[in-house]
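Asks: Here it is: the structure, laid out below.
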Amino acid sequence: MKDKIIAITHSRNLSNEFSYLLNNDSLRLVRLKTSEIIPNNANIINEIFRFSFNENDYFVFLSVNAVQLFFEFAKKINRYDDIVRILKEKVTVVAIGNSTSDSLIKNGINVGYVPSKSSSEEILKIFPITQKARKIVIPRSRLADDYLRENLTRLGYQVHEFYLYDVRPSGIDDNWIEFSKLLGYNKIDSLIFTSPSNVRFFFEIIKMISEDLLQNIKKIDLVISLGPKTSKELLKYDIRFTESHMHSLNDVADLLKSRI
């Protein structure tokens, strides 16, 4: 039986983790770097922790990238242990989905809430209307929208957003060249999208390589979306897809093993 060829979009280390989760010699993984992370200055962590925090306050993490950079910056400024202690003992931590929660847990953080679905709308349901001066800190990408901040502010919270990084499209590397050739011959069995920005940048890059390949994407047997925001972006491109039920890489790996 021929190997099944799986392509996954990514910006940092997600594809390495995913390869480990697959653990299947008959599945060949093509890693497509669709975006590049442009980190902010690590000293932004000091700006975040100029506030004092207590048990009424929250930290909300909206992506694995935000978690990874947050703790990388904390280590660079030699405040990692102190910041982990604050997040464990002083505040409630919210993660948008299971992958983001897993990344926090790896850093020793107790995650207070993970919504049943990975979306800003579901995160909003966690927060009741408040009369207290509660703070919510959101370390995030500059690319994220303002939906959460605007709606939490309406509920009476003091929302403080800190931009840890920017995102831009990646260049065309050898993996993209290999992928485009395989796609042209309809050899891609599954394509996985891990974020809305990766969807947008994927199609930008494909169009730069050859717009003729857009029709081949529609012939892929199994296109997988990691979560609702990614699905919403995919709908713009008229692509049939299946959304991961639990919105995690573990769930995507299980879905692939059952369908490929």
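As shown in the structure tokens, the chain order sets the letters A, B, ...; within each chain, residues go from 1, and ligands are also counted from 1 in the order they appear.
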With only C-alpha atoms as the counted atoms, please give the residues lying no more than 10 Å from Tyr147 of chain A, apart from itself and same-chain residues fewer than 5 positions off, as a PyMOL selection string.
Replies: chain A and resi 120-121+124+152
Asks: Calculated over only C-alpha atoms, which of the candidates A:Ala42, A:Ile206, A:Ile126, A:Val252 has the smallest distance to Ser225 of chain A?
Replies: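 The shortest atom-to-atom distance to Ser225 of chain A comes from A:Val252.
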Asks: If we count only C-alpha atoms, what is near Arg200 of chain A at a cut-off of 10 Å, once residues fewer than 5 positions away on the same chain are taken out, given as JSON, numbers by chain?
Replies: {"A": [34, 35, 169, 195, 205, 230, 233, 234, 236, 237]}
Asks: Now that the selection is made, can you save its residues with N, CA and C atoms as a JSON list (two decimals), in the first residue's frame?
Replies:
```json
[["chain", "number", "residue", "atom", "x", "y", "z"],
["A", 34, "THR", "N", 3.35, 28.51, 6.33],
["A", 34, "THR", "CA", 2.53, 29.53, 5.66],
["A", 34, "THR", "C", 2.77, 30.93, 6.20],
["A", 35, "SER", "N", 3.27, 31.01, 7.42],
["A", 35, "SER", "CA", 3.43, 32.34, 8.02],
["A", 35, "SER", "C", 4.70, 32.40, 8.86],
["A", 169, "PRO", "N", 3.07, 36.57, 5.72],
["A", 169, "PRO", "CA", 3.18, 35.36, 4.90],
["A", 169, "PRO", "C", 4.63, 34.88, 4.80],
["A", 195, "SER", "N", -4.93, 27.49, 11.59],
["A", 195, "SER", "CA", -5.37, 28.81, 12.07],
["A", 195, "SER", "C", -5.97, 29.59, 10.91],
["A", 205, "ILE", "N", -0.02, 32.18, -1.05],
["A", 205, "ILE", "CA", 1.18, 31.52, -1.56],
["A", 205, "ILE", "C", 0.85, 30.64, -2.75],
["A", 230, "THR", "N", -10.90, 28.95, 12.06],
["A", 230, "THR", "CA", -10.26, 28.43, 10.85],
["A", 230, "THR", "C", -11.32, 27.99, 9.85],
["A", 233, "GLU", "N", -12.87, 30.93, 8.04],
["A", 233, "GLU", "CA", -12.00, 31.44, 6.98],
["A", 233, "GLU", "C", -12.02, 30.54, 5.76],
["A", 234, "LEU", "N", -12.06, 29.23, 5.97],
["A", 234, "LEU", "CA", -12.09, 28.28, 4.85],
["A", 234, "LEU", "C", -13.36, 28.42, 4.01],
["A", 236, "LYS", "N", -14.70, 30.92, 2.94],
["A", 236, "LYS", "CA", -14.53, 31.96, 1.93],
["A", 236, "LYS", "C", -13.94, 31.40, 0.63],
["A", 237, "TYR", "N", -13.38, 30.20, 0.69],
["A", 237, "TYR", "CA", -12.67, 29.65, -0.47],
["A", 237, "TYR", "C", -13.39, 28.48, -1.12]]
```
Asks: Mind checking which residues fall within 10 Å of Asp221 of chain A, counting only C-alpha atoms, ignoring those fewer than 3 positions away in the same chain, and posting them as a PDB file with N, CA and C atoms, in the first residue's frame?
Replies:
```
ATOM      1  N   ASN A 186      -2.406  15.530  -7.977  1.00  0.00           N
ATOM      2  CA  ASN A 186      -3.466  15.052  -7.071  1.00  0.00           C
ATOM      3  C   ASN A 186      -2.967  13.934  -6.144  1.00  0.00           C
ATOM      4  N   ILE A 188      -1.943  14.601  -2.908  1.00  0.00           N
ATOM      5  CA  ILE A 188      -2.141  14.982  -1.510  1.00  0.00           C
ATOM      6  C   ILE A 188      -3.432  14.333  -1.006  1.00  0.00           C
ATOM      7  N   ASP A 189      -3.321  13.513   0.033  1.00  0.00           N
ATOM      8  CA  ASP A 189      -4.485  12.797   0.574  1.00  0.00           C
ATOM      9  C   ASP A 189      -5.238  13.613   1.620  1.00  0.00           C
ATOM     10  N   SER A 190      -4.505  14.474   2.352  1.00  0.00           N
ATOM     11  CA  SER A 190      -5.161  15.293   3.365  1.00  0.00           C
ATOM     12  C   SER A 190      -4.386  16.587   3.546  1.00  0.00           C
ATOM     13  N   LEU A 191      -5.130  17.668   3.828  1.00  0.00           N
ATOM     14  CA  LEU A 191      -4.541  18.980   4.055  1.00  0.00           C
ATOM     15  C   LEU A 191      -5.143  19.550   5.336  1.00  0.00           C
ATOM     16  N   ILE A 217      -6.931  21.682  -5.080  1.00  0.00           N
ATOM     17  CA  ILE A 217      -7.214  21.665  -3.643  1.00  0.00           C
ATOM     18  C   ILE A 217      -8.604  21.095  -3.387  1.00  0.00           C
ATOM     19  N   LYS A 218      -9.547  21.412  -4.277  1.00  0.00           N
ATOM     20  CA  LYS A 218     -10.917  20.924  -4.120  1.00  0.00           C
ATOM     21  C   LYS A 218     -11.034  19.417  -4.327  1.00  0.00           C
ATOM     22  N   ILE A 224      -8.907  19.306   6.708  1.00  0.00           N
ATOM     23  CA  ILE A 224      -9.271  19.390   8.122  1.00  0.00           C
ATOM     24  C   ILE A 224      -9.018  20.801   8.642  1.00  0.00           C
ATOM     25  N   ARG A 240     -14.442  22.070   0.619  1.00  0.00           N
ATOM     26  CA  ARG A 240     -15.072  21.097   1.520  1.00  0.00           C
ATOM     27  C   ARG A 240     -14.071  20.739   2.620  1.00  0.00           C
ATOM     28  N   PHE A 241     -14.530  20.722   3.876  1.00  0.00           N
ATOM     29  CA  PHE A 241     -13.610  20.402   4.963  1.00  0.00           C
ATOM     30  C   PHE A 241     -14.364  19.755   6.115  1.00  0.00           C
ATOM     31  N   ARG A 259      -9.695   8.008   9.079  1.00  0.00           N
ATOM     32  CA  ARG A 259     -10.232   8.321   7.753  1.00  0.00           C
ATOM     33  C   ARG A 259      -9.269   8.038   6.603  1.00  0.00           C
ATOM     34  N   ILE A 260      -7.989   7.991   6.897  1.00  0.00           N
ATOM     35  CA  ILE A 260      -6.993   7.834   5.812  1.00  0.00           C
ATOM     36  C   ILE A 260      -6.567   6.377   5.686  1.00  0.00           C
TER      37      ILE A 260
END
```
Asks: Give me every helix (DSSP H, G or I) residue in segment 57-236 of chain A, going by DSSP on the backbone, as a ChimeraX atom specification.
Replies: /A:64-76,80-89,98-106,120-124,147-154,174-184,196-209,211-217,228-236
Asks: Got time to write the residues from that selection, C-alpha atoms, as a PDB file, in the first residue's frame?
Replies:
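And here is the file that came out, out_30.pdb:
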```
ATOM      1  CA  VAL A  64      -0.217  28.320  21.140  1.00  0.00           C
ATOM      2  CA  ASN A  65       2.088  30.922  19.580  1.00  0.00           C
ATOM      3  CA  ALA A  66       1.068  33.476  22.209  1.00  0.00           C
ATOM      4  CA  VAL A  67       1.805  30.992  25.009  1.00  0.00           C
ATOM      5  CA  GLN A  68       5.190  30.014  23.595  1.00  0.00           C
ATOM      6  CA  LEU A  69       6.344  33.584  23.052  1.00  0.00           C
ATOM      7  CA  PHE A  70       4.996  34.711  26.421  1.00  0.00           C
ATOM      8  CA  PHE A  71       7.202  32.225  28.264  1.00  0.00           C
ATOM      9  CA  GLU A  72      10.166  32.681  25.925  1.00  0.00           C
ATOM     10  CA  PHE A  73      10.072  36.400  26.724  1.00  0.00           C
ATOM     11  CA  ALA A  74       9.720  35.667  30.453  1.00  0.00           C
ATOM     12  CA  LYS A  75      12.885  33.554  30.314  1.00  0.00           C
ATOM     13  CA  LYS A  76      14.794  36.215  28.348  1.00  0.00           C
ATOM     14  CA  TYR A  80      10.047  33.028  34.294  1.00  0.00           C
ATOM     15  CA  ASP A  81       9.709  31.555  37.804  1.00  0.00           C
ATOM     16  CA  ASP A  82       8.136  34.712  39.194  1.00  0.00           C
ATOM     17  CA  ILE A  83       5.616  34.936  36.361  1.00  0.00           C
ATOM     18  CA  VAL A  84       4.687  31.245  36.560  1.00  0.00           C
ATOM     19  CA  ARG A  85       4.027  31.747  40.282  1.00  0.00           C
ATOM     20  CA  ILE A  86       1.736  34.721  39.602  1.00  0.00           C
ATOM     21  CA  LEU A  87      -0.226  32.832  36.953  1.00  0.00           C
ATOM     22  CA  LYS A  88      -0.568  29.782  39.214  1.00  0.00           C
ATOM     23  CA  GLU A  89      -1.427  31.541  42.467  1.00  0.00           C
ATOM     24  CA  ASN A  98      -7.026  22.282  24.089  1.00  0.00           C
ATOM     25  CA  SER A  99      -3.752  22.862  22.219  1.00  0.00           C
ATOM     26  CA  THR A 100      -3.324  26.244  23.895  1.00  0.00           C
ATOM     27  CA  SER A 101      -4.239  24.702  27.248  1.00  0.00           C
ATOM     28  CA  ASP A 102      -1.695  21.892  26.748  1.00  0.00           C
ATOM     29  CA  SER A 103       1.028  24.447  26.032  1.00  0.00           C
ATOM     30  CA  LEU A 104       0.197  26.307  29.262  1.00  0.00           C
ATOM     31  CA  ILE A 105       0.162  23.091  31.295  1.00  0.00           C
ATOM     32  CA  LYS A 106       3.643  22.248  29.973  1.00  0.00           C
ATOM     33  CA  SER A 120     -13.864  34.102  21.079  1.00  0.00           C
ATOM     34  CA  GLU A 121     -17.653  33.796  21.256  1.00  0.00           C
ATOM     35  CA  GLU A 122     -17.355  30.781  23.565  1.00  0.00           C
ATOM     36  CA  ILE A 123     -14.711  32.498  25.720  1.00  0.00           C
ATOM     37  CA  LEU A 124     -17.110  35.399  26.197  1.00  0.00           C
ATOM     38  CA  TYR A 147     -14.217  41.197  19.162  1.00  0.00           C
ATOM     39  CA  LEU A 148     -13.154  39.908  22.567  1.00  0.00           C
ATOM     40  CA  ARG A 149     -11.792  43.204  23.889  1.00  0.00           C
ATOM     41  CA  GLU A 150     -14.845  45.179  22.799  1.00  0.00           C
ATOM     42  CA  ASN A 151     -17.362  42.748  24.275  1.00  0.00           C
ATOM     43  CA  LEU A 152     -15.507  42.183  27.552  1.00  0.00           C
ATOM     44  CA  THR A 153     -15.256  45.942  27.991  1.00  0.00           C
ATOM     45  CA  ARG A 154     -19.029  46.199  27.543  1.00  0.00           C
ATOM     46  CA  ASP A 174      11.537  23.566  -0.918  1.00  0.00           C
ATOM     47  CA  ASN A 175       8.553  22.112   0.933  1.00  0.00           C
ATOM     48  CA  TRP A 176       6.213  24.414  -0.981  1.00  0.00           C
ATOM     49  CA  ILE A 177       7.802  23.382  -4.282  1.00  0.00           C
ATOM     50  CA  GLU A 178       7.405  19.701  -3.371  1.00  0.00           C
ATOM     51  CA  PHE A 179       3.822  20.257  -2.228  1.00  0.00           C
ATOM     52  CA  SER A 180       2.848  22.108  -5.415  1.00  0.00           C
ATOM     53  CA  LYS A 181       4.190  19.267  -7.557  1.00  0.00           C
ATOM     54  CA  LEU A 182       2.347  16.635  -5.528  1.00  0.00           C
ATOM     55  CA  LEU A 183      -0.822  18.755  -5.570  1.00  0.00           C
ATOM     56  CA  GLY A 184      -0.572  19.133  -9.340  1.00  0.00           C
ATOM     57  CA  PRO A 196      -7.332  31.451  10.129  1.00  0.00           C
ATOM     58  CA  SER A 197      -4.150  33.334   9.205  1.00  0.00           C
ATOM     59  CA  ASN A 198      -2.622  30.116   7.878  1.00  0.00           C
ATOM     60  CA  VAL A 199      -5.667  29.701   5.637  1.00  0.00           C
ATOM     61  CA  ARG A 200      -5.296  33.219   4.230  1.00  0.00           C
ATOM     62  CA  PHE A 201      -1.551  32.945   3.742  1.00  0.00           C
ATOM     63  CA  PHE A 202      -1.837  29.438   2.245  1.00  0.00           C
ATOM     64  CA  PHE A 203      -4.035  30.707  -0.571  1.00  0.00           C
ATOM     65  CA  GLU A 204      -1.844  33.779  -1.097  1.00  0.00           C
ATOM     66  CA  ILE A 205       1.180  31.525  -1.559  1.00  0.00           C
ATOM     67  CA  ILE A 206      -0.660  29.037  -3.800  1.00  0.00           C
ATOM     68  CA  LYS A 207      -1.753  31.877  -6.077  1.00  0.00           C
ATOM     69  CA  MET A 208       1.858  33.067  -6.296  1.00  0.00           C
ATOM     70  CA  ILE A 209       2.961  29.572  -7.336  1.00  0.00           C
ATOM     71  CA  GLU A 211      -3.583  29.758  -9.657  1.00  0.00           C
ATOM     72  CA  ASP A 212      -4.262  26.564 -11.632  1.00  0.00           C
ATOM     73  CA  LEU A 213      -3.592  24.613  -8.421  1.00  0.00           C
ATOM     74  CA  LEU A 214      -6.699  26.053  -6.730  1.00  0.00           C
ATOM     75  CA  GLN A 215      -8.875  23.474  -8.473  1.00  0.00           C
ATOM     76  CA  ASN A 216      -6.634  20.646  -7.261  1.00  0.00           C
ATOM     77  CA  ILE A 217      -7.214  21.665  -3.643  1.00  0.00           C
ATOM     78  CA  PRO A 228     -14.322  27.340  14.233  1.00  0.00           C
ATOM     79  CA  LYS A 229     -12.317  30.448  13.307  1.00  0.00           C
ATOM     80  CA  THR A 230     -10.260  28.429  10.850  1.00  0.00           C
ATOM     81  CA  SER A 231     -13.469  26.921   9.462  1.00  0.00           C
ATOM     82  CA  LYS A 232     -15.005  30.379   9.041  1.00  0.00           C
ATOM     83  CA  GLU A 233     -11.998  31.443   6.985  1.00  0.00           C
ATOM     84  CA  LEU A 234     -12.095  28.281   4.854  1.00  0.00           C
ATOM     85  CA  LEU A 235     -15.724  28.948   3.931  1.00  0.00           C
ATOM     86  CA  LYS A 236     -14.526  31.957   1.928  1.00  0.00           C
TER      87      LYS A 236
END
```
Asks: Find the residue from A:Ile96, A:His160, A:Gly108, A:Pro139 that sits nearest to Lys125 of chain A; use only C-alpha atoms when measuring.
Replies: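 Going through A:Ile96, A:His160, A:Gly108, A:Pro139 one by one, the smallest distance to Lys125 of chain A is for A:Ile96.
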Asks: Identify all residues of segment 111-208 of chain A in strand (DSSP E) (DSSP on the backbone) and supply them as a ChimeraX atom specification.
Replies: /A:111-113,135-141,158-169,190-193
Asks: What would the file look like if the residues just selected were written as a CSV table (one decimal), in the first residue's frame with C-alpha atoms?
Replies:
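Generated file (again-v4.csv):
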```
chain,number,residue,atom,x,y,z
A,111,VAL,CA,-5.8,26.4,33.3
A,112,GLY,CA,-9.1,27.5,34.9
A,113,TYR,CA,-11.3,27.5,31.8
A,135,LYS,CA,-8.7,43.0,35.0
A,136,ILE,CA,-8.4,40.8,32.0
A,137,VAL,CA,-4.9,40.6,30.3
A,138,ILE,CA,-4.8,39.2,26.7
A,139,PRO,CA,-1.3,38.5,25.3
A,140,ARG,CA,-1.9,38.2,21.6
A,141,SER,CA,-1.0,38.7,18.0
A,158,GLN,CA,-10.7,46.3,32.4
A,159,VAL,CA,-9.2,44.7,29.3
A,160,HIS,CA,-5.5,45.1,28.6
A,161,GLU,CA,-4.2,43.7,25.3
A,162,PHE,CA,-0.4,43.2,24.7
A,163,TYR,CA,0.9,42.5,21.3
A,164,LEU,CA,3.5,39.8,21.5
A,165,TYR,CA,4.0,39.4,17.8
A,166,ASP,CA,3.0,40.2,14.2
A,167,VAL,CA,2.4,37.6,11.5
A,168,ARG,CA,3.3,37.8,7.8
A,169,PRO,CA,3.2,35.4,4.9
A,190,SER,CA,-5.2,15.3,3.4
A,191,LEU,CA,-4.5,19.0,4.1
A,192,ILE,CA,-4.7,20.4,7.6
A,193,PHE,CA,-5.3,24.1,8.4
```
Asks: What does the structure give for the distance between atom CA of Val114 of chain A and atom CA of Asn78 of chain A, in Å to one decimal?
Replies: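 So the answer is 28.6 Å.
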Asks: I'd like to know which of A:Val94, A:Leu255, A:Ile239, A:Ile8 is closest to Lys33 of chain A, using only C-alpha atoms.
Replies: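 When distances to Lys33 of chain A are compared using only C-alpha atoms, the smallest one comes from A:Ile8.
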